[in-house]
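Participant: The structure is given below, and queries will be raised subsequently.
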Amino acid sequence: MKTESLVFLGYFSILSGKKLFKETTEFHFKDEGWFGKDTANIGVDKLTHAFDTYLLAEFLHSRIHRRSNASEGDALTAAMLASGLMIFNEFSDGIEPDSGWSVQDVAMNLAGAGFSVLRNTVPGLKEKVSFKIEIVPNGHIYSYEGKPHYEQQRFMFSIKGAGFKRFNHSPLRFLDLQVGYYASDFLNKDREAGIEPKRHVFVGVGLNVGELLFGNSESGFAKAAYSALDYVQLPYTSIRYDTTGRFGT
């Protein structure tokens, strides 16, 4: 895994190094809070940390698992590598004037890596449960950073009908039961207008697009697409009800 680790280390070094050309300060800590309405991004950024580390751990695990012939401990090794890389990247936040080294971010990194370990060591869990992100288009289609970027994101755990043998020959294999979270009305313009930020905890039913389109295919492309869709929920493919009383996609 030297090549992959060096590539990611170089990538995170470039991300961190760019901050040296901006205003910096002495290394410091910052208590960013968790999911409170008084936090900058109402916790969506924390789930982003968890998901990014989880996704990195999953990728590294798939590589180690294949190259080591499914050796014992490969899931833990991948999680440790992913956590180390993400914590390395977090150190650069400690020199930013408007940020800081956040214990909350590191905790969520470890939580994401930990779920990857569980998913790859508990028999049957990978087939039954996914941790997914959904990105809902906004007026710019996609915002690359900042609060608009976080407002587009929905995170969820999906219990997959396709993971249960009793549904193998049933239409229920195309459906997932979802439990998730997102936030809204926390942009700077919303706060300036006096709009109260909203936290949305939701339950819903989503379409398992991977199973629908590629579940019975053995081609390399189909397998890759199926795997990718195990981490991404396509927008407008779910029906949900959340804690604000909102019902819809």
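Identifiers in this document derive from the order of the structure tokens: chains are assigned A, B, ..., residues are numbered from 1 separately in each chain, and ligands are numbered from 1 in order of occurrence.
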Given only C-alpha atoms, how would the per-residue table for range 3-67 of chain A near range 162-182 of chain A read, listing every residue at most 12 Å away with its closest atom pair and distance in Å to one decimal, sorted by chain and number, as JSON lines?
Facilitator:
```
{"residue": "A:Phe35", "atom": "CA", "partner": "A:Tyr182", "partner_atom": "CA", "distance": 10.2}
{"residue": "A:Asn41", "atom": "CA", "partner": "A:Tyr182", "partner_atom": "CA", "distance": 10.0}
{"residue": "A:Ile42", "atom": "CA", "partner": "A:Tyr182", "partner_atom": "CA", "distance": 8.5}
{"residue": "A:Gly43", "atom": "CA", "partner": "A:Tyr182", "partner_atom": "CA", "distance": 8.4}
{"residue": "A:Val44", "atom": "CA", "partner": "A:Tyr182", "partner_atom": "CA", "distance": 6.4}
{"residue": "A:Asp45", "atom": "CA", "partner": "A:Tyr182", "partner_atom": "CA", "distance": 10.1}
{"residue": "A:Lys46", "atom": "CA", "partner": "A:Tyr182", "partner_atom": "CA", "distance": 11.1}
{"residue": "A:Leu47", "atom": "CA", "partner": "A:Tyr181", "partner_atom": "CA", "distance": 8.9}
{"residue": "A:Thr48", "atom": "CA", "partner": "A:Tyr182", "partner_atom": "CA", "distance": 10.8}
```
Participant: List every residue of range 31-241 of chain A that DSSP, applied to the backbone, labels as alpha helix (DSSP H), and write the result as a PyMOL selection string.
Facilitator: chain A and resi 44-67+74-91+103-121+125-128+146-151+188-192+209-214+220-228
Participant: Please compute the CA of Lys160 in chain A-CA of Gly220 in chain A distance, one decimal, in Å.
Facilitator: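 Taking CA of Lys160 in chain A and CA of Gly220 in chain A, their separation equals 22.2 Å.
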Participant: Counting only C-alpha atoms, which residue out of A:Lys189, A:His140, A:Arg199, A:Lys126 sits closest to Asp230 in chain A?
Facilitator: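 Looking at the shortest contact to Asp230 in chain A, the residue is A:Lys126.
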Participant: Using Å and a single decimal, report how far CA of Val232 in chain A sits from CA of Met1 in chain A.
Facilitator: 25.3 Å
Participant: Between A:Asn216, A:Ser13, A:Gln152, A:Ser102, which is the closest to Leu85 in chain A once you count only C-alpha atoms?
Facilitator: A:Ser13
Participant: Might you pull out every residue within 9 Å of Ala222 in chain A, with only C-alpha atoms counted and same-chain residues fewer than 6 positions away left off, and present them as a PyMOL selection string?
Facilitator: chain A and resi 210+213-216
Participant: Have a look at A:Ser227, A:Asn120, A:Phe202, A:Leu207 and name the one nearest to Thr244 in chain A; count only C-alpha atoms.
Facilitator: A:Phe202
Participant: Determine the nearest neighbour of Met80 in chain A from the options A:Gly139, A:Pro123, A:Pro97, A:Gly112, counting only C-alpha atoms.
Facilitator: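 Nearest to Met80 in chain A: A:Gly112.
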